[in-house]
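Asker: Quick one: the structure is below, and I'll ask about it shortly.
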Amino acid sequence: MNSNLESLPLNQILLEDSLNLLKNLPDESIDLVVSSPPYNLGKEYETKQALEIYLQQQTIILRECSRVLKNTGSIFWQVGAFSDKGMLIPLDIRFFPILESCGLIPRNRIIWARKHGLHAQKKFSCRHETILWFTKSDTYKFNLDAIRVPQKYQNKKHFRGDRKGQLSCNPDGKNPGDIWLFRNVKHNHEEQTIHPCQFPEDLIARIILSTTDQSDIVLDPYMGSGTVAVVAKDYERYFIGSDIEPKYHQVALRRLSGEPDENGYFPNLKTLRDYVEKTGESIDKFRFDLQIGNKASERSQAKIYPEEYHLQSMEDRLLYEEAAFAANLRQEKIPTDPQLNGKGKKTKSPDQKSEQIELRLWG
Ligand SMILES: C[S@@+](CC[C@H](N)C(=O)[O-])C[C@H]1O[C@@H](n2cnc3c(N)ncnc32)[C@H](O)[C@@H]1O
């Protein structure tokens, strides 16, 4: 480890203000900054303030993030929307020029789509957040092979020319694109802790694997429940972070330790399951912070679907909703939703289903 590395708080999450942490980091010492800042929504961990003041404070933080970033480094800044008295401002629109003003270069605006959320009454329901990816220079890292996903048509072949009969797609998979559908860490998600807005670990894995190498340094100035640290550790990267709230800081440290506390509790179901798989101890001996039932379920009994599954079901649902809307406009018979009431459940006859849908559409 060189002297530059020794001066850094490697593999530590500090219980302090993010600006303090950043001010103490040397120039060009970090490979990746990935974070979701407080959104100024009045969540339990933030005080709502005027948007312009919030953005000025974030500008100071982002200037520091840019200063500490190596020349080959990347910043991923995940934001939602600011809303006040029914007005809605997508925050990425306001953050984009701030990141540009820090001398950073835009690479992607990633849409993180959601299948569920609050149903708005006076505007379209919000079903996405954004992740802005900026780099410090043109010599940034992007390891596409580390994050490929399966091709939709895996056996597609060239049908003419020199390569006739050969596969026309990359058999190792395709670029995942800029619309992501990792399930929100809410009810029944095995990663859920007491924190209200966690990153899903797989979303962070995609970012870390594509833009860093082993032993690189990943910084999250708003560490929350510690997701970025947990994933960086899993993939043998160093992490550095801070959070100002003691109860989230504790959760992050407990996730990282992977051990039960003195009462046999874990911060979430995933950490519990990992522990019993590693030690062979009985899952019945332990509990996790948000547990409702008497005992935790085994991982083998749980349905944990990959991102592709959620993307496909969202695509199916959106196509169905469009078809149903078009049929309604034209006063045609409304098509039957194959997923009505959830897959596998007995539903009524197609005609009865159409009635139900019609009621729901116009009701
Ligand atoms: C959106 S949450 C981050 C959640 C995190 N991505 C996770 O996966 O758990 C924002 C976090 O910023 C923390 N925070 C708010 N103001 C802060 C500040 N000035 N310095 C450090 N942390 C702060 C809050 O306590 C909260 O945990």
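Letters for chains follow the order of the structure tokens (A, B, ...), residue numbers begin at 1 for each chain, and ligand numbers begin at 1 in the order shown.
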At a cut-off of 12 Å, using only C-alpha atoms, what residues contact A:Glu28? Leave out same-chain residues fewer than 5 positions from it and give the result as a ChimeraX atom specification.
Answerer: /A:4-5,8,22,33,64-74,136,217
Asker: May I have the residues within 6 Å of stretch 267-274 of chain A as JSON, numbers by chain, using only C-alpha atoms and disregarding those fewer than 3 positions away in the same chain?
Answerer: {"A": [190, 191, 192, 193, 251, 258, 277, 288, 289]}
Asker: Could you pull the residues within 10 Å of A:Lys152, counting only C-alpha atoms, minus those fewer than 2 positions along the same chain, as a PyMOL selection string?
Answerer: chain A and resi 149-150+154-156+169+173-174+308
Asker: Please produce a file of those selected residues containing C-alpha atoms, as a CSV table (one decimal), in the first residue's frame.
Answerer:
```csv
chain,number,residue,atom,x,y,z
A,149,VAL,CA,-26.9,-9.4,-19.5
A,150,PRO,CA,-28.5,-12.2,-21.6
A,154,GLN,CA,-29.6,-15.6,-28.3
A,155,ASN,CA,-29.3,-17.7,-31.5
A,156,LYS,CA,-29.7,-14.9,-34.0
A,169,CYS,CA,-25.0,-11.3,-31.3
A,173,GLY,CA,-24.6,-11.1,-23.5
A,174,LYS,CA,-25.5,-7.5,-24.3
A,308,GLU,CA,-34.6,-9.3,-16.3
```
Asker: Find, counting only C-alpha atoms, the residue in A:Tyr140, A:Tyr222, A:Phe124, A:Tyr275 that gets nearest to A:Ile13.
Answerer: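 Smallest separation from A:Ile13 among the options: A:Tyr222.
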Asker: Using only C-alpha atoms and all ligand atoms, which residues have at least one atom no more than 7 Å from ligand 1? Output them as a VMD selection string.
Answerer: chain A and resid 16 to 19 35 to 39 45 to 46 195 197 to 200 221 to 228 242 to 245 248
Asker: May I ask which of the residues A:Ile207, A:Ser83, A:Lys295, A:Leu21 is the closest one to A:Ile110, counting only C-alpha atoms?
Answerer: A:Ile207
Asker: DSSP on the backbone: which residues in stretch 218-282 of chain A end up as alpha helix (DSSP H)? Give the answer as number ranges by chain.
Answerer: A: 227-234, 246-257, 269-279
Asker: Would you output that residue set with N, CA and C atoms, as a PDB file, in the first residue's frame?
Answerer:
```pdb
ATOM      1  N   THR A 227     -25.080   0.314   1.971  1.00  0.00           N
ATOM      2  CA  THR A 227     -25.137  -0.569   0.800  1.00  0.00           C
ATOM      3  C   THR A 227     -23.862  -0.498  -0.046  1.00  0.00           C
ATOM      4  N   VAL A 228     -23.380   0.716  -0.305  1.00  0.00           N
ATOM      5  CA  VAL A 228     -22.188   0.860  -1.164  1.00  0.00           C
ATOM      6  C   VAL A 228     -20.980   0.168  -0.511  1.00  0.00           C
ATOM      7  N   ALA A 229     -20.871   0.276   0.806  1.00  0.00           N
ATOM      8  CA  ALA A 229     -19.743  -0.371   1.505  1.00  0.00           C
ATOM      9  C   ALA A 229     -19.861  -1.889   1.426  1.00  0.00           C
ATOM     10  N   VAL A 230     -21.066  -2.409   1.643  1.00  0.00           N
ATOM     11  CA  VAL A 230     -21.282  -3.861   1.617  1.00  0.00           C
ATOM     12  C   VAL A 230     -20.899  -4.430   0.243  1.00  0.00           C
ATOM     13  N   VAL A 231     -21.332  -3.749  -0.819  1.00  0.00           N
ATOM     14  CA  VAL A 231     -21.065  -4.275  -2.171  1.00  0.00           C
ATOM     15  C   VAL A 231     -19.583  -4.105  -2.525  1.00  0.00           C
ATOM     16  N   ALA A 232     -18.994  -2.961  -2.154  1.00  0.00           N
ATOM     17  CA  ALA A 232     -17.562  -2.761  -2.430  1.00  0.00           C
ATOM     18  C   ALA A 232     -16.755  -3.873  -1.752  1.00  0.00           C
ATOM     19  N   LYS A 233     -17.109  -4.190  -0.531  1.00  0.00           N
ATOM     20  CA  LYS A 233     -16.397  -5.253   0.204  1.00  0.00           C
ATOM     21  C   LYS A 233     -16.577  -6.608  -0.509  1.00  0.00           C
ATOM     22  N   ASP A 234     -17.812  -6.909  -0.921  1.00  0.00           N
ATOM     23  CA  ASP A 234     -18.076  -8.182  -1.619  1.00  0.00           C
ATOM     24  C   ASP A 234     -17.187  -8.349  -2.844  1.00  0.00           C
ATOM     25  N   PRO A 246     -26.754   8.569  13.652  1.00  0.00           N
ATOM     26  CA  PRO A 246     -26.188   7.415  14.373  1.00  0.00           C
ATOM     27  C   PRO A 246     -26.924   6.099  14.119  1.00  0.00           C
ATOM     28  N   LYS A 247     -28.264   6.127  14.014  1.00  0.00           N
ATOM     29  CA  LYS A 247     -28.956   4.827  13.895  1.00  0.00           C
ATOM     30  C   LYS A 247     -28.670   4.155  12.536  1.00  0.00           C
ATOM     31  N   TYR A 248     -28.499   4.969  11.477  1.00  0.00           N
ATOM     32  CA  TYR A 248     -28.163   4.359  10.176  1.00  0.00           C
ATOM     33  C   TYR A 248     -26.696   3.914  10.166  1.00  0.00           C
ATOM     34  N   HIS A 249     -25.852   4.703  10.814  1.00  0.00           N
ATOM     35  CA  HIS A 249     -24.434   4.354  10.912  1.00  0.00           C
ATOM     36  C   HIS A 249     -24.302   2.978  11.584  1.00  0.00           C
ATOM     37  N   GLN A 250     -25.070   2.757  12.650  1.00  0.00           N
ATOM     38  CA  GLN A 250     -25.032   1.467  13.358  1.00  0.00           C
ATOM     39  C   GLN A 250     -25.469   0.325  12.436  1.00  0.00           C
ATOM     40  N   VAL A 251     -26.545   0.566  11.670  1.00  0.00           N
ATOM     41  CA  VAL A 251     -27.044  -0.465  10.741  1.00  0.00           C
ATOM     42  C   VAL A 251     -25.949  -0.815   9.733  1.00  0.00           C
ATOM     43  N   ALA A 252     -25.295   0.220   9.207  1.00  0.00           N
ATOM     44  CA  ALA A 252     -24.242  -0.011   8.204  1.00  0.00           C
ATOM     45  C   ALA A 252     -23.122  -0.859   8.813  1.00  0.00           C
ATOM     46  N   LEU A 253     -22.710  -0.547  10.033  1.00  0.00           N
ATOM     47  CA  LEU A 253     -21.629  -1.316  10.667  1.00  0.00           C
ATOM     48  C   LEU A 253     -22.069  -2.759  10.919  1.00  0.00           C
ATOM     49  N   ARG A 254     -23.322  -2.944  11.293  1.00  0.00           N
ATOM     50  CA  ARG A 254     -23.819  -4.313  11.540  1.00  0.00           C
ATOM     51  C   ARG A 254     -23.909  -5.108  10.244  1.00  0.00           C
ATOM     52  N   ARG A 255     -24.303  -4.439   9.146  1.00  0.00           N
ATOM     53  CA  ARG A 255     -24.336  -5.149   7.851  1.00  0.00           C
ATOM     54  C   ARG A 255     -22.934  -5.600   7.461  1.00  0.00           C
ATOM     55  N   LEU A 256     -21.968  -4.705   7.692  1.00  0.00           N
ATOM     56  CA  LEU A 256     -20.591  -5.021   7.313  1.00  0.00           C
ATOM     57  C   LEU A 256     -20.020  -6.146   8.172  1.00  0.00           C
ATOM     58  N   SER A 257     -20.364  -6.158   9.459  1.00  0.00           N
ATOM     59  CA  SER A 257     -19.783  -7.187  10.347  1.00  0.00           C
ATOM     60  C   SER A 257     -20.357  -8.559  10.007  1.00  0.00           C
ATOM     61  N   LEU A 269     -32.769  -9.384   6.648  1.00  0.00           N
ATOM     62  CA  LEU A 269     -32.886 -10.828   6.411  1.00  0.00           C
ATOM     63  C   LEU A 269     -31.682 -11.354   5.631  1.00  0.00           C
ATOM     64  N   LYS A 270     -31.181 -10.551   4.674  1.00  0.00           N
ATOM     65  CA  LYS A 270     -30.071 -11.029   3.840  1.00  0.00           C
ATOM     66  C   LYS A 270     -28.840 -11.327   4.694  1.00  0.00           C
ATOM     67  N   THR A 271     -28.515 -10.426   5.614  1.00  0.00           N
ATOM     68  CA  THR A 271     -27.326 -10.638   6.453  1.00  0.00           C
ATOM     69  C   THR A 271     -27.516 -11.883   7.321  1.00  0.00           C
ATOM     70  N   LEU A 272     -28.751 -12.073   7.790  1.00  0.00           N
ATOM     71  CA  LEU A 272     -29.055 -13.275   8.583  1.00  0.00           C
ATOM     72  C   LEU A 272     -28.839 -14.536   7.736  1.00  0.00           C
ATOM     73  N   ARG A 273     -29.424 -14.542   6.533  1.00  0.00           N
ATOM     74  CA  ARG A 273     -29.303 -15.730   5.676  1.00  0.00           C
ATOM     75  C   ARG A 273     -27.841 -16.019   5.325  1.00  0.00           C
ATOM     76  N   ASP A 274     -27.086 -14.937   5.002  1.00  0.00           N
ATOM     77  CA  ASP A 274     -25.665 -15.137   4.674  1.00  0.00           C
ATOM     78  C   ASP A 274     -24.946 -15.787   5.856  1.00  0.00           C
ATOM     79  N   TYR A 275     -25.293 -15.337   7.067  1.00  0.00           N
ATOM     80  CA  TYR A 275     -24.623 -15.838   8.268  1.00  0.00           C
ATOM     81  C   TYR A 275     -24.911 -17.335   8.477  1.00  0.00           C
ATOM     82  N   VAL A 276     -26.182 -17.724   8.365  1.00  0.00           N
ATOM     83  CA  VAL A 276     -26.486 -19.141   8.627  1.00  0.00           C
ATOM     84  C   VAL A 276     -25.941 -20.034   7.509  1.00  0.00           C
ATOM     85  N   GLU A 277     -25.875 -19.496   6.276  1.00  0.00           N
ATOM     86  CA  GLU A 277     -25.287 -20.303   5.191  1.00  0.00           C
ATOM     87  C   GLU A 277     -23.795 -20.513   5.442  1.00  0.00           C
ATOM     88  N   LYS A 278     -23.144 -19.477   5.985  1.00  0.00           N
ATOM     89  CA  LYS A 278     -21.697 -19.555   6.225  1.00  0.00           C
ATOM     90  C   LYS A 278     -21.379 -20.444   7.439  1.00  0.00           C
ATOM     91  N   THR A 279     -22.184 -20.335   8.480  1.00  0.00           N
ATOM     92  CA  THR A 279     -21.837 -21.022   9.742  1.00  0.00           C
ATOM     93  C   THR A 279     -22.542 -22.360   9.912  1.00  0.00           C
TER      94      THR A 279
END
```
Asker: Just the strand (DSSP E or B) stuff from stretch 99-341 of chain A, please, per backbone DSSP, written as a ChimeraX atom specification.
Answerer: /A:105-113,128-135,149,157,167,174,179-180,217-220,238-242,265-266,287-288
Asker: Restricting the output to N, CA and C atoms, write the selected residues as a compact mmCIF listing (two decimals), in the first residue's frame.
Answerer:
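For reference, result.txt as written:
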```txt
# COMPACT_ATOMS: atom_id res chain seq x y z
N ILE A 105 -17.73 15.34 -17.13
CA ILE A 105 -18.24 15.05 -18.48
C ILE A 105 -19.39 14.04 -18.39
N PRO A 106 -20.57 14.39 -18.94
CA PRO A 106 -21.71 13.46 -18.82
C PRO A 106 -21.54 12.22 -19.70
N ARG A 107 -21.93 11.07 -19.15
CA ARG A 107 -21.84 9.80 -19.90
C ARG A 107 -23.21 9.15 -20.08
N ASN A 108 -24.01 9.14 -19.04
CA ASN A 108 -25.33 8.53 -19.13
C ASN A 108 -26.30 9.20 -18.15
N ARG A 109 -27.54 9.17 -18.56
CA ARG A 109 -28.63 9.50 -17.65
C ARG A 109 -29.46 8.23 -17.56
N ILE A 110 -29.29 7.53 -16.46
CA ILE A 110 -29.91 6.21 -16.31
C ILE A 110 -31.27 6.36 -15.64
N ILE A 111 -32.25 5.73 -16.22
CA ILE A 111 -33.60 5.74 -15.63
C ILE A 111 -33.74 4.49 -14.77
N TRP A 112 -34.00 4.70 -13.51
CA TRP A 112 -34.27 3.57 -12.60
C TRP A 112 -35.79 3.49 -12.47
N ALA A 113 -36.39 2.56 -13.22
CA ALA A 113 -37.86 2.48 -13.27
C ALA A 113 -38.39 1.64 -12.11
N HIS A 128 -40.22 6.57 -11.78
CA HIS A 128 -38.79 6.43 -12.04
C HIS A 128 -37.99 7.44 -11.23
N GLU A 129 -36.72 7.11 -11.03
CA GLU A 129 -35.75 8.08 -10.52
C GLU A 129 -34.59 8.07 -11.52
N THR A 130 -33.62 8.93 -11.34
CA THR A 130 -32.53 8.96 -12.31
C THR A 130 -31.17 8.82 -11.62
N ILE A 131 -30.23 8.31 -12.39
CA ILE A 131 -28.85 8.22 -11.92
C ILE A 131 -27.99 8.92 -12.97
N LEU A 132 -27.34 10.00 -12.58
CA LEU A 132 -26.48 10.72 -13.53
C LEU A 132 -25.07 10.18 -13.41
N TRP A 133 -24.49 9.79 -14.56
CA TRP A 133 -23.10 9.30 -14.56
C TRP A 133 -22.23 10.34 -15.27
N PHE A 134 -21.26 10.87 -14.55
CA PHE A 134 -20.28 11.81 -15.10
C PHE A 134 -18.87 11.26 -14.85
N THR A 135 -17.93 11.59 -15.73
CA THR A 135 -16.54 11.18 -15.52
C THR A 135 -15.65 12.41 -15.46
N VAL A 149 -25.72 -8.66 -19.84
CA VAL A 149 -26.94 -9.41 -19.49
C VAL A 149 -27.34 -10.26 -20.70
N LYS A 157 -28.60 -15.32 -36.13
CA LYS A 157 -27.40 -15.50 -36.96
C LYS A 157 -27.44 -14.55 -38.16
N LEU A 167 -23.17 -16.51 -35.40
CA LEU A 167 -23.99 -15.74 -34.46
C LEU A 167 -23.82 -14.24 -34.72
N LYS A 174 -25.42 -8.87 -23.70
CA LYS A 174 -25.47 -7.52 -24.26
C LYS A 174 -25.29 -6.46 -23.17
N ILE A 179 -32.00 1.82 -19.02
CA ILE A 179 -33.24 1.73 -18.22
C ILE A 179 -33.07 0.52 -17.30
N TRP A 180 -33.03 0.78 -16.03
CA TRP A 180 -32.77 -0.28 -15.05
C TRP A 180 -34.03 -0.50 -14.22
N ILE A 217 -10.91 2.38 -5.08
CA ILE A 217 -11.53 2.99 -3.89
C ILE A 217 -12.87 3.62 -4.24
N VAL A 218 -13.91 3.22 -3.51
CA VAL A 218 -15.28 3.68 -3.77
C VAL A 218 -15.74 4.54 -2.60
N LEU A 219 -16.26 5.71 -2.91
CA LEU A 219 -16.68 6.66 -1.87
C LEU A 219 -18.19 6.90 -1.94
N ASP A 220 -18.87 6.83 -0.78
CA ASP A 220 -20.26 7.27 -0.69
C ASP A 220 -20.35 8.25 0.48
N TYR A 238 -11.98 -1.15 -1.99
CA TYR A 238 -12.00 -0.42 -0.72
C TYR A 238 -13.22 0.51 -0.72
N PHE A 239 -13.72 0.81 0.48
CA PHE A 239 -14.80 1.81 0.55
C PHE A 239 -14.44 2.87 1.60
N ILE A 240 -15.05 4.03 1.41
CA ILE A 240 -14.94 5.13 2.38
C ILE A 240 -16.32 5.79 2.39
N GLY A 241 -16.79 6.19 3.57
CA GLY A 241 -18.09 6.84 3.59
C GLY A 241 -18.38 7.55 4.89
N SER A 242 -19.54 8.24 4.87
CA SER A 242 -19.98 8.91 6.10
C SER A 242 -21.50 8.94 6.13
N TYR A 265 -29.87 -10.52 16.87
CA TYR A 265 -30.54 -9.80 15.78
C TYR A 265 -29.55 -9.41 14.67
N PHE A 266 -30.07 -9.41 13.44
CA PHE A 266 -29.32 -8.92 12.28
C PHE A 266 -30.04 -7.67 11.73
N ARG A 287 -33.08 -13.50 14.64
CA ARG A 287 -34.14 -12.64 14.13
C ARG A 287 -33.51 -11.45 13.42
N PHE A 288 -34.31 -10.69 12.68
CA PHE A 288 -33.78 -9.47 12.07
C PHE A 288 -34.69 -8.30 12.43
```
Asker: One number please: atom CA of A:Arg237 to atom CA of A:Asp213, in Å, one decimal.
Answerer: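 Taking atom CA of A:Arg237 and atom CA of A:Asp213, their separation equals 7.5 Å.
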Asker: With only C-alpha atoms as the basis for distance, which of A:Trp77, A:Asp84, A:Asp27, A:Ser137 is at the shortest distance from A:Gly103?
Answerer: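 Going through A:Trp77, A:Asp84, A:Asp27, A:Ser137 one by one, the smallest distance to A:Gly103 is for A:Ser137.
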Asker: Which of these residues is nearest to A:Pro196, using only C-alpha atoms: A:Lys123, A:Tyr235, A:Asn143, A:Leu290?
Answerer: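 For A:Pro196, the nearest of the given residues is A:Leu290.
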